[in-house]
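entry.txt (compact mmCIF, C-alpha atoms) appears below.
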```txt
# COMPACT_ATOMS: atom_id res chain seq x y z
CA MET A 21 89.47 47.70 -34.40
CA LEU A 22 87.82 51.07 -33.98
CA ARG A 23 86.11 51.76 -30.69
CA ARG A 24 82.95 53.86 -30.33
CA PRO A 25 83.85 57.08 -28.53
CA THR A 26 82.25 57.28 -25.08
CA ALA A 27 81.62 60.23 -22.82
CA LYS A 28 83.46 60.45 -19.61
CA ARG A 29 81.55 58.91 -16.76
CA GLY A 30 81.72 62.08 -14.68
CA SER A 31 80.34 64.33 -17.42
CA PHE A 32 77.51 61.87 -18.06
CA ARG A 33 76.53 61.86 -14.40
CA LYS A 34 76.70 65.66 -14.28
CA SER A 35 74.48 66.16 -17.35
CA ASN A 36 72.08 63.52 -16.12
CA ARG A 37 71.89 65.22 -12.74
CA VAL A 38 71.22 68.61 -14.36
CA GLY A 39 68.44 67.08 -16.45
CA ILE A 40 66.84 65.53 -13.38
CA ILE A 41 67.00 68.84 -11.50
CA GLN A 42 65.45 70.73 -14.42
CA GLU A 43 62.64 68.18 -14.69
CA PHE A 44 62.07 68.36 -10.93
CA GLN A 45 61.86 72.16 -11.04
CA LYS A 46 59.41 71.96 -13.93
CA MET A 47 57.22 69.47 -12.06
CA ARG A 48 57.44 71.55 -8.88
CA LYS A 49 56.28 74.62 -10.78
CA LEU A 50 53.42 72.63 -12.28
CA PHE A 51 52.46 71.34 -8.82
CA ILE A 52 52.51 74.81 -7.24
CA ILE A 53 50.37 76.30 -10.01
CA SER A 54 47.96 73.36 -9.82
CA VAL A 55 47.56 73.83 -6.07
CA SER A 56 47.16 77.58 -6.52
CA MET A 57 44.43 77.11 -9.13
CA LEU A 58 42.67 74.58 -6.94
CA PHE A 59 42.78 76.91 -3.94
CA CYS A 60 41.58 79.86 -6.04
CA PHE A 61 38.68 77.66 -7.20
CA PHE A 62 37.67 77.04 -3.57
CA MET A 63 38.27 80.49 -2.15
CA GLY A 64 37.65 82.65 -5.21
CA ALA A 65 37.88 86.39 -4.71
CA TYR A 66 38.40 86.29 -0.96
CA CYS A 67 41.94 85.14 -0.17
CA GLN A 68 44.71 87.25 -1.62
CA ILE A 69 47.45 84.67 -0.97
CA GLN A 70 50.66 83.56 -2.59
CA ILE A 71 50.75 79.77 -2.47
CA ILE A 72 54.12 78.07 -2.05
CA SER A 73 55.00 74.39 -2.08
CA ASP A 74 52.80 73.58 0.91
CA MET A 75 49.63 75.35 2.05
CA PRO A 76 49.91 76.93 5.56
CA LEU A 77 46.57 75.54 6.78
CA ASN A 78 47.14 76.60 10.40
CA GLU A 79 48.02 80.19 9.54
CA TYR A 80 45.52 83.01 9.30
CA ALA A 81 44.01 83.68 5.90
CA LYS A 82 44.31 87.19 4.50
CA PHE A 83 40.95 88.49 3.40
CA PRO A 84 40.47 91.77 1.52
CA LYS A 85 39.16 94.86 3.23
CA GLN A 86 35.55 95.82 2.59
CA GLU A 87 33.86 99.13 1.90
CA TYR A 88 30.48 99.98 3.42
CA ARG A 89 27.98 101.12 0.78
CA GLY A 90 24.83 101.42 2.87
CA MET A 91 22.18 99.40 4.72
CA SER A 92 19.93 97.02 2.84
CA GLN A 93 16.15 97.33 2.99
CA ILE A 94 15.25 94.15 1.12
CA LYS A 95 16.98 90.80 0.70
CA CYS A 96 15.96 88.57 -2.20
CA VAL A 97 17.35 85.09 -2.89
CA TYR A 98 16.93 83.73 -6.43
CA LYS A 99 17.34 80.28 -7.89
CA HIS A 100 19.07 80.66 -11.24
CA ILE A 101 18.73 77.73 -13.63
CA ALA A 102 20.89 78.01 -16.74
CA THR A 103 21.55 75.67 -19.66
CA ASP A 104 24.64 75.35 -21.83
CA PRO A 105 23.61 73.56 -25.05
CA HIS A 106 27.26 72.86 -25.93
CA LEU A 107 27.72 70.44 -23.03
CA ASP A 108 26.58 66.84 -22.61
CA ASN A 109 23.15 66.18 -21.12
CA GLU A 110 24.48 65.48 -17.61
CA GLN A 111 26.46 68.74 -17.46
CA ARG A 112 24.44 71.17 -19.52
CA THR A 113 22.19 72.41 -16.68
CA GLU A 114 23.59 74.55 -13.87
CA CYS A 115 21.53 75.56 -10.84
CA THR A 116 22.88 78.29 -8.55
CA MET A 117 21.48 80.41 -5.74
CA GLU A 118 22.06 84.17 -5.90
CA ILE A 119 21.27 86.88 -3.37
CA VAL A 120 20.52 90.55 -3.93
CA LEU A 121 20.87 93.04 -1.07
CA LEU A 122 19.28 96.33 -2.05
CA ASN A 123 18.03 99.72 -0.95
CA ASP A 124 16.75 102.81 -2.74
CA SER A 125 20.15 103.82 -4.10
CA CYS A 126 22.26 100.68 -4.62
CA SER A 127 22.27 96.87 -4.74
CA LEU A 128 24.78 94.03 -4.58
CA THR A 129 24.26 90.65 -6.27
CA ARG A 130 26.43 87.70 -5.21
CA ASN A 131 26.50 83.93 -5.17
CA TYR A 132 24.54 82.86 -2.08
CA GLY A 133 27.22 80.43 -0.90
CA TRP A 134 29.89 83.14 -0.88
CA TYR A 135 27.45 85.46 0.94
CA GLN A 136 26.99 82.80 3.67
CA ILE A 137 30.75 82.27 4.01
CA ASP A 138 31.37 86.00 4.23
CA SER A 139 28.67 86.38 6.89
CA VAL A 140 30.32 83.70 9.07
CA ILE A 141 33.80 85.19 8.56
CA ASN A 142 32.63 88.67 9.61
CA GLN A 143 30.89 87.27 12.70
CA LYS A 144 34.02 85.37 13.74
CA ASN A 145 36.45 88.26 13.11
CA ARG A 146 37.64 88.67 9.57
CA ASN A 147 41.31 88.72 10.58
CA ARG A 148 41.23 85.59 12.78
CA VAL A 149 40.12 82.87 10.37
CA LYS A 150 42.65 80.18 9.44
CA PHE A 151 43.07 78.54 6.05
CA MET A 152 41.65 75.25 7.33
CA GLU A 153 38.53 77.01 8.67
CA ALA A 154 38.09 78.77 5.33
CA LEU A 155 38.27 75.46 3.45
CA GLN A 156 35.80 73.91 5.90
CA LEU A 157 33.38 76.78 5.29
CA SER A 158 33.76 76.22 1.56
CA ASN A 159 32.94 72.54 2.04
CA THR A 160 29.88 73.43 4.18
CA TYR A 161 28.31 76.11 1.98
CA LYS A 162 29.58 74.86 -1.41
CA PRO A 163 29.83 78.24 -3.11
CA GLY A 164 29.63 78.59 -6.86
CA LYS A 165 31.20 81.15 -9.15
CA THR A 166 32.92 84.16 -7.66
CA GLY A 167 32.10 87.70 -8.67
CA GLY A 168 28.88 89.62 -8.86
CA ILE A 169 27.05 92.79 -9.82
CA TYR A 170 27.02 96.14 -8.02
CA LYS A 171 24.52 98.81 -9.06
CA ALA A 172 24.60 102.40 -7.81
CA GLY A 173 22.61 105.18 -9.42
CA ASN A 174 22.87 104.78 -13.18
CA ILE A 175 26.18 102.85 -13.04
CA VAL A 176 26.61 99.08 -12.88
CA LYS A 177 29.82 97.18 -12.18
CA GLU A 178 30.38 93.50 -12.98
CA PHE A 179 33.36 91.72 -11.41
CA GLY A 180 34.78 88.21 -11.37
CA SER A 181 37.93 86.10 -10.96
CA MET A 182 39.59 84.34 -13.92
CA PHE A 183 42.96 82.56 -14.00
CA GLY A 184 43.57 83.85 -10.45
CA THR A 185 43.23 87.49 -11.57
CA HIS A 186 40.33 89.75 -10.62
CA TYR A 187 38.65 91.59 -13.51
CA SER A 188 35.91 94.20 -13.56
CA TYR A 189 34.24 96.74 -15.81
CA THR A 190 31.62 99.44 -15.40
CA GLU A 191 28.95 100.75 -17.71
CA HIS A 192 25.78 102.80 -17.59
CA LEU A 193 22.82 100.86 -16.32
CA PRO A 194 21.17 99.39 -19.45
CA ASN A 195 17.95 101.06 -20.56
CA ILE A 196 15.53 98.17 -21.11
CA ASN A 197 12.40 98.88 -23.14
CA TRP A 198 9.74 96.90 -21.26
CA GLN A 199 6.22 96.24 -22.54
CA LEU A 200 3.76 95.88 -19.63
CA TYR A 201 0.78 93.51 -19.72
CA ASP A 202 -2.28 93.32 -17.47
CA ILE A 203 -1.62 89.67 -16.66
CA ARG A 204 -0.91 88.65 -13.07
CA LYS A 205 0.25 85.71 -10.98
CA THR A 206 1.74 85.09 -7.54
CA VAL A 207 5.49 84.59 -7.12
CA CYS A 208 7.03 83.91 -3.71
CA GLY A 209 3.90 85.18 -1.97
CA HIS A 210 3.70 88.46 -3.92
CA LYS A 211 1.21 89.43 -6.63
CA CYS A 212 3.18 90.12 -9.78
CA GLN A 213 2.52 91.64 -13.20
CA LYS A 214 3.94 90.49 -16.53
CA ALA A 215 6.41 92.42 -18.70
CA LEU A 216 8.32 91.54 -21.89
CA ALA A 217 11.53 92.96 -23.37
CA ASN A 218 14.47 92.22 -25.61
CA TYR A 219 17.78 92.60 -23.83
CA ARG A 220 21.19 92.09 -25.44
CA GLY A 221 20.46 89.14 -27.67
CA ARG A 222 17.57 87.44 -25.87
CA ASP A 223 13.83 87.95 -25.38
CA TRP A 224 12.80 88.04 -21.71
CA GLU A 225 9.61 87.57 -19.71
CA ALA A 226 9.57 89.21 -16.29
CA TRP A 227 7.15 89.16 -13.36
CA TYR A 228 7.50 92.13 -11.01
CA ALA A 229 5.88 92.98 -7.67
CA GLU A 230 4.50 96.50 -7.32
CA ASP A 231 4.26 96.08 -3.55
CA LEU A 232 8.09 95.96 -3.55
CA PRO A 233 8.80 99.43 -5.03
CA PHE A 234 12.38 98.82 -6.13
CA SER A 235 13.24 99.13 -9.83
CA ASN A 236 15.67 96.24 -9.62
CA GLY A 237 16.06 92.50 -10.13
CA PRO A 238 18.60 89.77 -10.86
CA TYR A 239 21.79 90.51 -12.82
CA LYS A 240 21.57 93.98 -14.48
CA PHE A 241 17.82 93.93 -14.97
CA ASN A 242 15.98 97.11 -13.96
CA GLY A 243 13.43 99.63 -15.17
CA LEU A 244 10.15 98.14 -13.93
CA PRO A 245 7.86 99.72 -11.27
CA GLY A 246 8.61 96.92 -8.81
CA LEU A 247 11.18 94.27 -7.92
CA ILE A 248 11.48 91.46 -10.49
CA LEU A 249 10.75 88.14 -8.77
CA GLU A 250 10.72 85.86 -11.81
CA LEU A 251 12.60 86.20 -15.08
CA SER A 252 13.10 83.80 -17.99
CA SER A 253 14.56 83.92 -21.49
CA SER A 254 12.38 82.75 -24.38
CA ASP A 255 15.03 80.24 -25.49
CA GLY A 256 14.75 78.46 -22.13
CA GLU A 257 18.47 78.88 -21.35
CA HIS A 258 18.06 81.17 -18.31
CA ARG A 259 15.44 81.34 -15.56
CA TYR A 260 15.45 83.20 -12.23
CA VAL A 261 12.81 82.53 -9.57
CA ALA A 262 12.72 84.23 -6.16
CA GLN A 263 12.88 81.75 -3.27
CA LEU A 264 12.95 84.24 -0.40
CA VAL A 265 11.99 87.91 -0.13
CA GLU A 266 12.16 89.69 3.20
CA SER A 267 12.97 92.96 4.90
CA SER A 268 16.64 93.29 5.67
CA ALA A 269 18.96 95.60 7.60
CA GLU A 270 22.38 94.32 6.63
CA HIS A 271 25.54 96.15 5.69
CA ILE A 272 26.11 96.20 1.94
CA LEU A 273 29.86 95.49 1.79
CA VAL A 274 32.02 95.48 -1.34
CA ASP A 275 35.48 93.91 -1.35
CA THR A 276 38.36 96.30 -2.09
CA ILE A 277 40.80 94.19 -4.06
CA ARG A 278 43.37 94.80 -6.77
CA GLU A 279 41.50 94.46 -10.06
CA VAL A 280 42.22 94.66 -13.76
CA PHE A 281 39.74 97.25 -15.03
CA THR A 282 38.70 96.50 -18.58
CA THR A 283 35.82 96.86 -21.04
CA ARG A 284 32.69 94.74 -21.14
CA GLU A 285 33.80 93.17 -24.45
CA THR A 286 37.28 92.26 -23.16
CA TYR A 287 35.78 90.95 -19.91
CA PHE A 288 33.54 88.50 -21.75
CA LYS A 289 36.30 87.46 -24.16
CA THR A 290 38.52 86.65 -21.17
CA LEU A 291 35.67 84.84 -19.42
CA MET A 292 34.93 82.77 -22.53
CA ASN A 293 38.61 81.83 -22.91
CA TYR A 294 38.79 80.91 -19.21
CA ARG A 295 35.74 78.66 -19.25
CA THR A 296 36.06 77.11 -22.69
CA ASN A 297 39.85 76.94 -23.23
CA SER A 298 41.57 76.52 -19.84
CA SER A 299 43.90 73.92 -21.36
CA GLY A 300 45.33 76.48 -23.80
CA TYR A 301 46.03 78.97 -21.02
CA PHE A 302 47.58 76.33 -18.74
CA LYS A 303 49.81 75.13 -21.59
CA LYS A 304 51.18 78.65 -22.18
CA LEU A 305 51.88 79.02 -18.46
CA THR A 306 53.59 75.68 -17.80
CA SER A 307 54.19 73.97 -21.18
CA SER A 308 51.95 71.25 -19.77
CA THR A 309 49.80 69.01 -21.95
CA ILE A 310 47.16 68.53 -19.21
CA GLN A 311 43.70 68.69 -20.74
CA PHE A 312 40.82 70.42 -18.95
CA HIS A 313 37.23 69.81 -19.92
CA ARG A 314 35.23 72.75 -21.24
CA MET A 315 33.44 74.41 -18.35
CA PHE A 316 29.89 75.73 -18.28
CA PHE A 317 29.64 78.94 -20.29
CA ASN A 318 26.43 80.61 -21.40
CA PRO A 319 26.24 84.24 -20.24
CA VAL A 320 22.98 86.13 -19.83
CA GLU A 321 24.13 88.65 -22.42
CA LYS A 322 24.95 87.43 -25.92
CA ASP A 323 24.92 90.60 -28.01
CA PHE A 324 28.58 90.33 -29.06
CA LYS A 325 29.25 88.27 -32.20
CA PHE A 326 31.80 86.04 -30.47
CA LEU A 327 29.22 85.18 -27.80
CA LYS A 328 26.72 84.10 -30.44
CA GLN A 329 29.45 81.82 -31.83
CA ASN A 330 30.13 80.41 -28.35
CA PRO A 331 32.30 77.27 -28.90
```
Represent the supplied structure as structure tokens.
Amino acid sequence: MLRRPTAKRGSFRKSNRVGIIQEFQKMRKLFIISVSMLFCFFMGAYCQIQIISDMPLNEYAKFPKQEYRGMSQIKCVYKHIATDPHLDNEQRTECTMEIVLLNDSCSLTRNYGWYQIDSVINQKNRNRVKFMEALQLSNTYKPGKTGGIYKAGNIVKEFGSMFGTHYSYTEHLPNINWQLYDIRKTVCGHKCQKALANYRGRDWEAWYAEDLPFSNGPYKFNGLPGLILELSSSDGEHRYVAQLVESSAEHILVDTIREVFTTRETYFKTLMNYRTNSSGYFKKLTSSTIQFHRMFFNPVEKDFKFLKQNP
């Protein structure tokens, strides 16, 4: 009677052990990347850290150096309400707070939560804050998206963090053709005048305060004879309303971090891929089949064709 050939017991155990080790290494890599992405989500553009198998919560966090760009004269906090029509009803509206620090020559726009965290860190001593303290600050101030807008002269820089990499681009400050109207209302305690314009794929209505003589506003908006305190798109998908406007004498500080400098088009293509197709990126990185839900994505600018076809 013929017997079925069998592998030697030792070789079977060896191959089985190798397979287990390979699977363990694969899962460990997946775990490390998952933890890294989670930590980057919490700490955004601040901590330049390599995460290993366990997070050193009692060690000092490494924050980037900052460059001084001037003293602010005005501080304006906006509520930004945005809608993504591609999401379900419960997730399609996003409300964030943004702050603009500005003077006659430059301005910095950031998420208000990150601004609060940075203020606390600088008061404590930027080099003496531990990971656990940083996570506690994140839990307290609940910051939103990282990144921001820096304007200086006729140049504007947009920057943000995607897939754990910091991207930025610069361009000339957009020339917006505003039409002024003799219609007035009060916004945040200031008498404002109405203006209309088309800007990169949307029609906008702005209310600016002439008693605040800064040709500035949220995002990249500029070109009016006063600070914009209210701004809304005609499609109802974006609305900014000033919640606080006051004199300010704060340092305007810009993080000096290693960035990938790119074009505006590539920046938005990367941002769209990051927020609408994270699963595809994660699969390429780890061969994982983990599925991520589409994140909120509806940028202020939608002049590129691929933005108009936003999935």
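Nearest residue to Trp224 (chain A) among A:Gly209, A:Pro105, A:Pro194, A:Gly256 is A:Gly256, counting only C-alpha atoms.
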- Using all atoms listed in the file, which residues sit within 9 Å of Ser235 (chain A) once same-chain residues fewer than 4 positions away are excluded, as a list in words? Asp124, Phe241, Asn242, Gly243, Leu244, Pro245, Gly246, Leu247 and Ile248 of chain A
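For region 198-208 of chain A, the non-local neighbours within 10 Å, defined as residues at least 2 positions apart in the same chain or in other chains and counting only C-alpha atoms, are Asn195, Ile196, His210, Lys211, Cys212, Gln213, Lys214, Ala215, Leu216, Ala217, Asn218, Tyr219, Trp224, Glu225, Ala226, Trp227, Tyr228, Ala229, Asn242, Gly243, Leu244, Ile248, Leu249, Glu250, Val261, Ala262, Gln263, Leu264 and Val265 of chain A.
Straight-line separation from CA of Glu285 (chain A) to CA of Tyr170 (chain A): 18.0 Å.
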Residues of region 122-157 of chain A within 9 Å of region 88-98 of chain A: nearest atom pair and distance (Å, one decimal) for each, counting all atoms listed in the file, sorted by chain and number, as JSON lines?
```
{"residue": "A:Leu122", "atom": "CA", "partner": "A:Ser92", "partner_atom": "CA", "distance": 5.0}
{"residue": "A:Asn123", "atom": "CA", "partner": "A:Gln93", "partner_atom": "CA", "distance": 5.0}
{"residue": "A:Asp124", "atom": "CA", "partner": "A:Gln93", "partner_atom": "CA", "distance": 8.0}
{"residue": "A:Ser125", "atom": "CA", "partner": "A:Gly90", "partner_atom": "CA", "distance": 8.7}
{"residue": "A:Cys126", "atom": "CA", "partner": "A:Arg89", "partner_atom": "CA", "distance": 7.9}
{"residue": "A:Ser127", "atom": "CA", "partner": "A:Ser92", "partner_atom": "CA", "distance": 7.9}
{"residue": "A:Tyr132", "atom": "CA", "partner": "A:Val97", "partner_atom": "CA", "distance": 7.6}
```
- Task: Select, from A:Leu107, A:Leu232, A:Ile175, A:Ile119, the residue with the minimum atom-to-atom distance to Phe317 (chain A), counting all atoms listed in the file.
- Result: A:Leu107
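If you look at CA of His192 (chain A) and CA of Ile169 (chain A), they are 12.7 Å away from each other.
The space separating CA of Lys171 (chain A) from CA of Leu128 (chain A) comes to 6.6 Å.
Nearest residue to Thr283 (chain A), choosing from A:Ser267, A:Ser188, A:Leu251, A:Phe316 and counting all atoms listed in the file: A:Ser188.
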- Message: I'd like the neighbourhood of Gln136 (chain A) as number ranges by chain, where a residue qualifies if any of its atoms comes within 10 Å (using only C-alpha atoms), though same-chain residues fewer than 4 positions away should be ignored.
- Response: A: 119, 131-132, 140-141, 157-158, 160-163
